[in-house]
file protein35.cif (mmCIF, C-alpha atoms)
data_query
#
loop_
_atom_site.label_atom_id
_atom_site.label_comp_id
_atom_site.auth_asym_id
_atom_site.auth_seq_id
_atom_site.Cartn_x
_atom_site.Cartn_y
_atom_site.Cartn_z
CA MET A 1 71.26 229.50 107.80
CA GLN A 2 69.25 229.76 104.59
CA SER A 3 72.01 228.62 102.22
CA TYR A 4 71.82 225.07 103.53
CA GLY A 5 68.07 224.52 103.42
CA LYS A 6 64.91 225.33 105.29
CA VAL A 7 63.92 225.18 108.96
CA VAL A 8 61.12 222.73 109.74
CA VAL A 9 59.25 223.07 113.03
CA VAL A 10 57.22 220.03 114.08
CA SER A 11 54.51 220.51 116.69
CA GLN A 12 51.24 218.77 117.47
CA HIS A 13 50.12 221.99 119.18
CA TYR A 14 50.05 225.27 117.25
CA PRO A 15 47.70 228.28 117.19
CA PRO A 16 44.70 228.39 117.30
CA ASP A 17 45.44 225.79 119.98
CA PRO A 18 45.52 227.93 123.18
CA SER A 19 48.19 225.86 124.96
CA THR A 20 51.52 227.20 126.17
CA THR A 21 53.36 224.76 123.88
CA ALA A 22 51.48 226.13 120.86
CA ALA A 23 52.40 229.71 121.76
CA ILE A 24 56.07 228.83 122.29
CA MET A 25 56.39 226.93 119.02
CA ALA A 26 54.62 229.72 117.12
CA SER A 27 56.97 232.32 118.60
CA ILE A 28 60.04 230.32 117.58
CA SER A 29 58.67 229.60 114.11
CA GLU A 30 57.77 233.20 113.37
CA ARG A 31 61.14 234.52 114.52
CA VAL A 32 63.05 231.92 112.51
CA ALA A 33 60.94 232.76 109.44
CA GLN A 34 62.39 236.29 109.52
CA GLU A 35 65.82 234.84 108.76
CA ALA A 36 65.20 231.67 106.74
CA ASP A 37 62.66 229.66 104.81
CA ALA A 38 60.50 228.07 107.50
CA LEU A 39 57.88 225.35 107.42
CA VAL A 40 55.65 224.31 110.32
CA LEU A 41 54.16 220.81 110.43
CA SER A 42 51.23 221.19 112.81
CA GLY A 43 48.77 218.76 114.34
CA THR A 44 46.19 221.44 115.16
CA ALA A 45 43.03 221.81 113.09
CA GLY A 46 42.64 225.26 111.58
CA SER A 47 46.35 226.11 111.79
CA ALA A 48 47.29 225.83 108.09
CA ILE A 49 48.35 229.06 106.40
CA PRO A 50 50.31 229.73 103.21
CA ALA A 51 53.80 231.16 103.44
CA GLN A 52 53.94 234.96 103.76
CA THR A 53 56.80 237.42 103.98
CA GLY A 54 58.36 236.97 107.41
CA LYS A 55 55.88 234.19 108.27
CA PRO A 56 56.28 230.43 108.05
CA GLU A 57 54.12 228.18 105.90
CA VAL A 58 51.97 225.99 108.17
CA VAL A 59 50.88 222.56 106.95
CA GLU A 60 48.40 220.50 108.95
CA VAL A 61 49.03 216.83 109.68
CA ARG A 62 45.79 215.14 110.66
CA SER A 63 45.54 214.60 114.41
CA TRP A 64 42.81 213.19 116.65
CA MET A 65 42.74 214.74 120.13
CA PRO A 66 40.69 212.80 122.73
CA ALA A 67 40.26 214.23 126.22
CA LYS A 68 43.30 213.92 128.49
CA GLY A 69 41.43 211.63 130.84
CA ALA A 70 40.78 209.07 128.07
CA LEU A 71 44.25 207.58 128.36
CA GLY A 72 43.70 204.56 126.09
CA LYS A 73 42.17 206.57 123.24
CA ARG A 74 44.80 209.25 123.68
CA ALA A 75 47.64 206.72 123.35
CA VAL A 76 46.17 205.38 120.11
CA ALA A 77 45.63 208.89 118.74
CA GLU A 78 49.17 209.95 119.57
CA LEU A 79 50.62 206.83 117.97
CA LEU A 80 48.67 207.48 114.78
CA PHE A 81 49.80 211.10 114.73
CA THR A 82 53.43 210.06 115.23
CA VAL A 83 53.26 207.59 112.33
CA ARG A 84 51.66 210.19 110.06
CA MET A 85 54.26 212.79 111.01
CA PHE A 86 57.10 210.34 110.30
CA PHE A 87 55.95 209.88 106.71
CA VAL A 88 55.30 213.59 106.24
CA LEU A 89 58.84 214.31 107.44
CA LEU A 90 60.26 211.76 105.01
CA ALA A 91 58.39 213.53 102.22
CA ARG A 92 59.23 217.11 103.28
CA LEU A 93 62.75 217.00 104.69
CA LYS A 94 65.81 217.48 102.52
CA ARG A 95 69.49 217.10 103.19
CA GLY A 96 70.79 220.21 104.98
CA ASP A 97 67.46 221.20 106.54
CA VAL A 98 67.27 221.94 110.26
CA THR A 99 64.26 220.63 112.13
CA LEU A 100 62.94 221.22 115.64
CA THR A 101 60.29 219.55 117.78
CA VAL A 102 59.06 219.03 121.33
CA PRO A 103 58.16 215.73 123.07
CA ALA A 104 54.40 216.12 122.60
CA PRO A 105 53.25 213.45 122.09
CA PHE A 106 56.02 211.60 123.88
CA MET A 107 56.44 209.13 120.95
CA LEU A 108 57.10 211.91 118.45
CA PRO A 109 60.84 212.48 119.11
CA TYR A 110 61.68 208.87 118.19
CA ALA A 111 60.05 209.18 114.76
CA PHE A 112 61.38 212.72 114.39
CA ALA A 113 65.00 211.75 115.05
CA ALA A 114 64.77 208.74 112.73
CA ALA A 115 63.27 210.73 109.85
CA ALA A 116 65.87 213.51 110.20
CA LYS A 117 68.70 210.96 110.22
CA LEU A 118 67.35 209.15 107.15
CA LYS A 119 67.01 212.43 105.22
CA GLY A 120 70.32 213.96 106.29
CA ALA A 121 68.67 216.85 108.16
CA LYS A 122 69.90 218.36 111.43
CA SER A 123 67.60 217.74 114.37
CA VAL A 124 66.89 219.65 117.60
CA LEU A 125 64.66 218.42 120.42
CA ILE A 126 63.31 221.09 122.77
CA MET A 127 62.97 219.17 126.03
CA HIS A 128 59.79 220.51 127.63
CA ASP A 129 59.21 217.19 129.40
CA LEU A 130 61.47 214.17 129.85
CA TYR A 131 59.92 210.75 129.25
CA PRO A 132 59.40 208.21 130.73
CA ASP A 133 60.39 210.15 133.87
CA VAL A 134 57.33 212.39 133.80
CA LEU A 135 55.00 209.38 133.44
CA VAL A 136 56.70 207.73 136.41
CA MET A 137 56.43 210.97 138.38
CA VAL A 138 52.65 211.18 137.96
CA GLY A 139 52.12 207.49 138.69
CA LEU A 140 51.07 206.40 135.20
CA LEU A 141 54.10 204.09 134.93
CA LYS A 142 56.09 202.04 137.42
CA PRO A 143 59.86 202.78 137.28
CA GLN A 144 60.69 199.16 136.43
CA SER A 145 57.69 198.48 134.19
CA MET A 146 58.23 196.99 130.74
CA LEU A 147 57.10 200.22 129.04
CA ALA A 148 59.40 202.41 131.15
CA ARG A 149 62.33 200.12 130.39
CA ALA A 150 61.47 200.15 126.68
CA MET A 151 61.34 203.94 126.61
CA HIS A 152 64.68 204.21 128.38
CA ALA A 153 66.13 201.80 125.84
CA LEU A 154 64.72 203.81 122.91
CA ASN A 155 65.93 207.09 124.40
CA ALA A 156 69.59 206.12 124.07
CA PRO A 157 69.70 205.79 120.24
CA MET A 158 67.28 208.71 119.88
CA PHE A 159 69.55 211.04 121.85
CA ARG A 160 72.57 209.83 119.89
CA ALA A 161 70.78 210.62 116.63
CA LEU A 162 69.84 214.18 117.63
CA ASP A 163 72.23 217.00 116.79
CA ALA A 164 71.18 219.12 119.79
CA VAL A 165 68.87 219.00 122.79
CA VAL A 166 67.54 222.28 124.20
CA ILE A 167 66.79 222.11 127.91
CA ILE A 168 64.63 224.74 129.59
CA GLY A 169 65.91 223.88 133.07
CA ARG A 170 69.46 223.32 134.30
CA ASP A 171 68.26 220.34 136.33
CA THR A 172 67.58 218.31 133.18
CA GLU A 173 71.21 218.01 132.11
CA LYS A 174 72.20 215.36 134.64
CA LEU A 175 69.26 213.18 133.61
CA LEU A 176 70.21 213.42 129.93
CA LEU A 177 73.83 212.54 130.64
CA ARG A 178 72.70 209.16 131.98
CA TYR A 179 72.32 208.09 128.36
CA GLY A 180 75.39 206.82 126.55
CA GLY A 181 76.39 209.03 123.66
CA MET A 182 74.75 212.17 125.07
CA THR A 183 77.44 214.80 125.65
CA ARG A 184 77.38 218.26 127.20
CA ASP A 185 78.37 219.94 123.93
CA ARG A 186 75.03 218.90 122.39
CA ILE A 187 72.97 220.24 125.29
CA ARG A 188 71.89 223.91 125.19
CA PHE A 189 70.18 225.67 128.08
CA ILE A 190 67.59 228.10 126.69
CA PRO A 191 64.89 228.88 129.28
CA ASN A 192 61.41 229.98 128.31
CA TRP A 193 60.46 233.62 128.66
CA ALA A 194 57.99 235.98 130.29
CA THR A 195 55.25 237.30 128.04
CA LEU A 196 54.55 240.27 130.34
CA ALA A 197 56.84 243.30 130.61
CA PRO A 198 59.00 243.32 133.79
CA GLY A 199 57.83 245.72 136.47
CA VAL A 200 56.26 245.53 139.92
CA ARG A 201 52.48 245.82 139.66
CA ALA A 202 50.85 247.50 142.62
CA ILE A 203 48.45 245.62 144.89
CA ALA A 204 45.31 247.53 143.95
CA PRO A 205 42.19 247.13 146.17
CA ASP A 206 39.99 247.94 143.17
CA ASN A 207 41.46 245.14 141.04
CA PRO A 208 38.31 243.39 139.69
CA TYR A 209 39.58 239.97 140.80
CA ARG A 210 40.68 241.16 144.23
CA ARG A 211 37.88 243.58 145.14
CA PRO A 212 35.18 240.95 145.91
CA LEU A 213 37.49 239.06 148.31
CA SER A 214 37.66 241.77 151.01
CA THR A 215 40.81 240.36 152.55
CA ARG A 216 44.30 241.58 153.37
CA TYR A 217 46.38 238.87 151.69
CA VAL A 218 45.52 236.90 148.54
CA VAL A 219 47.20 233.63 147.56
CA GLY A 220 46.89 232.77 143.87
CA LEU A 221 47.04 229.68 141.68
CA SER A 222 46.80 229.89 137.90
CA GLY A 223 47.46 227.91 134.74
CA ASN A 224 47.20 224.42 133.36
CA LEU A 225 46.94 221.92 136.22
CA GLY A 226 47.99 218.72 134.51
CA PHE A 227 49.11 215.34 135.81
CA THR A 228 52.44 216.74 137.06
CA HIS A 229 50.71 219.18 139.42
CA ASP A 230 49.22 218.61 142.87
CA PRO A 231 46.14 220.80 143.39
CA VAL A 232 45.15 218.81 146.50
CA ILE A 233 48.03 220.24 148.55
CA VAL A 234 46.79 223.78 147.81
CA PHE A 235 43.24 222.93 148.81
CA GLU A 236 44.43 221.22 151.99
CA ALA A 237 46.53 224.27 152.89
CA ALA A 238 43.44 226.44 152.39
CA ARG A 239 41.50 224.09 154.65
CA LEU A 240 44.15 224.43 157.36
CA LEU A 241 43.95 228.24 157.07
CA ARG A 242 40.17 228.50 156.81
CA ASP A 243 39.88 230.35 160.14
CA ASN A 244 42.47 232.98 159.19
CA LYS A 245 40.32 235.89 157.99
CA ASP A 246 43.34 237.74 156.59
CA ILE A 247 44.19 235.12 153.94
CA HIS A 248 42.12 234.13 150.91
CA PHE A 249 42.91 231.66 148.09
CA LEU A 250 42.14 232.74 144.52
CA LEU A 251 42.38 229.62 142.34
CA SER A 252 42.07 229.55 138.56
CA GLY A 253 43.10 227.36 135.66
CA TRP A 254 42.12 224.39 133.57
CA GLY A 255 42.96 220.72 133.16
CA VAL A 256 42.36 217.64 135.30
CA GLY A 257 43.75 219.37 138.39
CA PHE A 258 41.34 222.28 138.18
CA ASP A 259 38.49 219.81 137.80
CA GLN A 260 39.68 218.26 141.08
CA LEU A 261 39.64 221.65 142.77
CA LYS A 262 36.09 222.32 141.60
CA ALA A 263 34.93 218.95 142.89
CA MET A 264 36.58 219.45 146.29
CA GLN A 265 35.20 222.96 146.70
CA ALA A 266 31.71 221.81 145.69
CA GLU A 267 31.85 219.27 148.49
CA VAL A 268 33.53 221.29 151.26
CA LYS A 269 32.70 224.92 150.33
CA LEU A 270 35.67 226.53 152.04
CA PRO A 271 34.87 230.19 152.80
CA ASN A 272 38.45 231.26 152.07
CA VAL A 273 38.55 229.82 148.52
CA THR A 274 37.34 231.47 145.32
CA LEU A 275 37.47 229.59 142.01
CA VAL A 276 37.78 231.43 138.70
CA GLU A 277 37.53 229.75 135.31
CA ARG A 278 40.42 230.06 132.88
CA VAL A 279 41.46 233.69 132.40
CA GLU A 280 42.10 234.72 128.80
CA ASP A 281 45.41 236.26 127.77
CA ASP A 282 44.06 239.81 127.53
CA GLU A 283 43.03 239.62 131.22
CA LEU A 284 46.09 237.73 132.46
CA GLU A 285 48.11 240.71 133.69
CA ILE A 286 45.17 242.07 135.69
CA PHE A 287 44.45 238.65 137.15
CA LEU A 288 48.06 237.93 138.14
CA SER A 289 48.28 241.37 139.74
CA ALA A 290 45.35 240.50 142.03
CA ALA A 291 47.33 238.18 144.33
CA ASP A 292 50.12 238.94 146.81
CA VAL A 293 51.84 235.60 146.26
CA TRP A 294 51.47 232.73 143.77
CA ILE A 295 51.75 229.00 144.33
CA ILE A 296 53.10 226.52 141.78
CA PRO A 297 52.33 223.04 143.18
CA TYR A 298 54.26 220.08 141.77
CA ARG A 299 54.19 216.43 142.71
CA LYS A 300 57.29 214.63 143.97
CA ASN A 301 60.33 214.10 141.72
CA VAL A 302 59.80 217.07 139.41
CA ALA A 303 63.53 217.96 139.26
CA GLY A 304 64.79 217.58 135.72
CA VAL A 305 61.38 216.52 134.42
CA SER A 306 59.31 219.70 133.97
CA VAL A 307 59.67 223.50 134.26
CA PRO A 308 56.65 225.82 134.79
CA SER A 309 56.49 228.47 132.06
CA ARG A 310 54.02 230.49 134.16
CA PHE A 311 56.85 231.09 136.65
CA TYR A 312 58.42 233.80 134.49
CA ASN A 313 55.27 235.93 134.25
CA LEU A 314 54.84 235.77 138.02
CA LEU A 315 58.35 237.13 138.46
CA ALA A 316 57.78 239.76 135.76
CA ILE A 317 54.86 241.37 137.61
CA GLY A 318 56.88 241.44 140.84
CA ARG A 319 55.22 238.68 142.82
CA PRO A 320 56.99 236.21 145.09
CA VAL A 321 56.38 232.53 144.40
CA ILE A 322 55.78 229.58 146.70
CA LEU A 323 57.07 226.59 144.78
CA VAL A 324 56.08 223.09 145.84
CA SER A 325 58.97 220.99 144.52
CA GLU A 326 62.39 219.59 145.30
CA ALA A 327 65.01 222.23 146.02
CA ASP A 328 67.16 221.23 143.02
CA ALA A 329 64.40 221.79 140.41
CA GLU A 330 65.03 224.67 138.00
CA ALA A 331 62.37 227.08 139.31
CA ALA A 332 63.31 226.26 142.91
CA LEU A 333 66.96 227.05 142.17
CA THR A 334 65.93 230.49 140.89
CA VAL A 335 63.70 231.12 143.93
CA ILE A 336 66.47 230.16 146.36
CA GLU A 337 69.35 231.84 144.55
CA HIS A 338 67.58 235.20 144.34
CA ASP A 339 65.30 235.06 147.41
CA VAL A 340 62.13 235.64 145.42
CA GLY A 341 59.92 233.26 147.36
CA TRP A 342 59.84 229.97 149.21
CA VAL A 343 60.26 226.28 148.38
CA VAL A 344 58.00 223.71 150.06
CA GLU A 345 58.40 219.95 150.21
CA PRO A 346 55.98 218.19 147.83
CA GLY A 347 53.01 216.56 149.54
CA ASN A 348 53.41 218.50 152.79
CA ALA A 349 50.21 220.56 153.18
CA ASN A 350 51.12 221.58 156.74
CA GLU A 351 54.40 223.11 155.55
CA LEU A 352 52.61 224.87 152.70
CA ALA A 353 50.03 226.37 155.11
CA GLU A 354 52.82 227.51 157.45
CA THR A 355 54.72 229.05 154.52
CA VAL A 356 51.64 230.93 153.33
CA GLY A 357 51.17 232.27 156.86
CA ARG A 358 54.82 233.30 157.04
CA ALA A 359 54.59 235.02 153.64
CA ALA A 360 51.50 236.95 154.77
CA ARG A 361 53.34 238.16 157.87
CA SER A 362 56.53 239.19 156.06
CA VAL A 363 55.57 241.23 153.01
CA ASP A 364 58.85 242.55 151.57
CA PRO A 365 58.78 245.16 148.76
CA GLN A 366 62.41 244.37 147.93
CA ARG A 367 61.49 240.75 147.21
CA ALA A 368 58.94 241.98 144.66
CA GLU A 369 61.54 244.27 143.07
CA ARG A 370 64.07 241.42 142.90
CA ALA A 371 61.50 239.21 141.20
CA ALA A 372 60.78 241.77 138.48
CA GLU A 373 64.49 242.42 137.98
CA ILE A 374 65.35 238.72 137.72
CA SER A 375 62.59 238.21 135.15
CA LYS A 376 64.59 240.33 132.69
CA ARG A 377 66.92 237.36 132.27
CA PHE A 378 64.00 235.36 130.90
CA ASP A 379 63.46 237.55 127.88
CA PHE A 380 61.97 236.65 124.51
CA GLU A 381 64.70 238.40 122.52
CA ILE A 382 67.44 236.65 124.46
CA ALA A 383 65.82 233.26 123.89
CA MET A 384 65.28 233.90 120.17
CA THR A 385 68.89 234.98 119.73
CA GLU A 386 69.93 231.66 121.26
CA TYR A 387 67.55 229.61 119.09
CA CYS A 388 68.53 231.38 115.88
CA GLY A 389 72.21 231.04 116.77
CA LEU A 390 71.83 227.30 117.33
CA ILE A 391 69.95 226.83 114.05
CA ARG A 392 72.55 228.87 112.17
CA GLU A 393 75.36 226.82 113.73
CA LEU A 394 73.76 223.52 112.73
CA ALA A 395 72.88 224.77 109.24
CA GLN A 396 76.48 225.73 108.60
CA LYS A 397 77.77 222.29 109.49
CA LYS A 398 78.32 220.03 106.51
CA PRO A 399 75.74 217.23 106.40
CA GLY A 400 77.12 214.04 107.86
#
call {"tool": "encode", "arguments": {"input": "protein35.cif", "output": "structure tokens"}}
result
Amino acid sequence: MQSYGKVVVVSQHYPPDPSTTAAIMASISERVAQEADALVLSGTAGSAIPAQTGKPEVVEVRSWMPAKGALGKRAVAELLFTVRMFFVLLARLKRGDVTLTVPAPFMLPYAFAAAAKLKGAKSVLIMHDLYPDVLVMVGLLKPQSMLARAMHALNAPMFRALDAVVIIGRDTEKLLLRYGGMTRDRIRFIPNWATLAPGVRAIAPDNPYRRPLSTRYVVGLSGNLGFTHDPVIVFEAARLLRDNKDIHFLLSGWGVGFDQLKAMQAEVKLPNVTLVERVEDDELEIFLSAADVWIIPYRKNVAGVSVPSRFYNLLAIGRPVILVSEADAEAALTVIEHDVGWVVEPGNANELAETVGRAARSVDPQRAERAAEISKRFDFEIAMTEYCGLIRELAQKKPG
């Protein structure tokens, strides 16, 4: 891939940003840098580093990051970042380069695709979230609003301009194929990966996160609870099960959804709920091992729109998953196909409470073993082989 130019990775989020997107883009960048000249254009303060052997050069593009709740300020900041990145790409890209990005902010792919086309570079969009669908899903846009229509209209030429789109869930393909000019041969399915080694972790009574709960069955929730998630359904299920002394909810995370959980618990003070602030990476394995089952709660219409990266670590440690989503969403397909948990209708707290009760009554060691075994398919080396293969394929194509 090197003979045709460099690989340019574009990401607003990059270490030291602690987000999952930052970690994923850093992993891809560092692996690619082992095989080719690599440059990262980052929007994270403190991320810039000079090129080193086997490491990419990281160049910062100034970015202003208001709080997620400040939607107006955030929109302005993301627009400014997108404009800056467009001009940086025009200055940095050369004919024959291969460039990758993710839709964060959601305006970035439009500028990214245009700059790559103007400079004769190959372009790859890693579809972590599909817009405007995700904004409609969380209620920030109406399906027929002027902005939603405009984004749909812009998506069509953007997808035509891209050389490849990486989807992390099989359910996204049908949504992409709605756009004229998007063909299956330009869509690549490369799921994200577990960061923990596969293997069933024992339920240990002396686990520091489990020991204070003094209960038989622990239900966990962990990770970024953003606008696509529904923390209320988990809290309502806990409320319905408050008299069941055998079941306790261990809830952790960050984001607007975790703030909701803290506010609800401060008001109601459920005896069967324990809240834990964000757990750092070096404690993650111990924390995830503390629960018997984990919940991933999505809002309605998640299929094709978003895939939970945390799902793969839950499988890796041998824990079943209760997924709140439509049955045709990527994670739900995996749960159903391999019987590694349960799928619950979004918004149905009664069904979630019943499913938690059923899970507590039917502990199955084979389900845990299946989960850990299935997680081996979601492996870092497998994903990197796919990414490097795609980049090499595009690099070897003559510039159009």
call {"tool": "closest_atom_pairs", "arguments": {"input": "protein35.cif", "of": "region 265-334 of chain A", "to": "region 124-137 of chain A", "cutoff": "9 Å", "atoms": "all atoms listed in the file", "output": "Markdown table"}}
result
| residue | atom | partner | partner_atom | distance |
| --- | --- | --- | --- | --- |
| A:Arg299 | CA | A:Met137 | CA | 7.3 |
| A:Lys300 | CA | A:Met137 | CA | 6.7 |
| A:Asn301 | CA | A:Met137 | CA | 6.0 |
| A:Val302 | CA | A:Met137 | CA | 7.0 |
| A:Gly304 | CA | A:Leu130 | CA | 7.6 |
| A:Val305 | CA | A:Leu130 | CA | 5.1 |
| A:Ser306 | CA | A:Asp129 | CA | 5.2 |
| A:Val307 | CA | A:His128 | CA | 7.3 |
call {"tool": "atom_distance", "arguments": {"input": "protein35.cif", "atom1": "CA of Arg242 (chain A)", "atom2": "CA of Ala202 (chain A)"}}
result
26.0 Å
call {"tool": "closest_residue", "arguments": {"input": "protein35.cif", "among": "A:Ala290, A:Leu176, A:Met151, A:Ala77", "to": "Pro212 (chain A)", "atoms": "only C-alpha atoms"}}
result
A:Ala290
call {"tool": "resolve_selection", "arguments": {"input": "protein35.cif", "expression": "the PyMOL selection byres ((chain A and resi 61) around 12)", "output": "count of residues only"}}
result
30
call {"tool": "atom_distance", "arguments": {"input": "protein35.cif", "atom1": "CA of Met182 (chain A)", "atom2": "CA of Arg170 (chain A)"}}
result
15.4 Å
call {"tool": "closest_residue", "arguments": {"input": "protein35.cif", "among": "A:Val165, A:Leu333, A:Ala353, A:Ala114", "to": "Phe235 (chain A)", "atoms": "only C-alpha atoms"}}
result
A:Ala353
call {"tool": "closest_residue", "arguments": {"input": "protein35.cif", "among": "A:Val166, A:Leu390, A:Ala349, A:Ala291", "to": "Val218 (chain A)", "atoms": "all atoms listed in the file"}}
result
A:Ala291
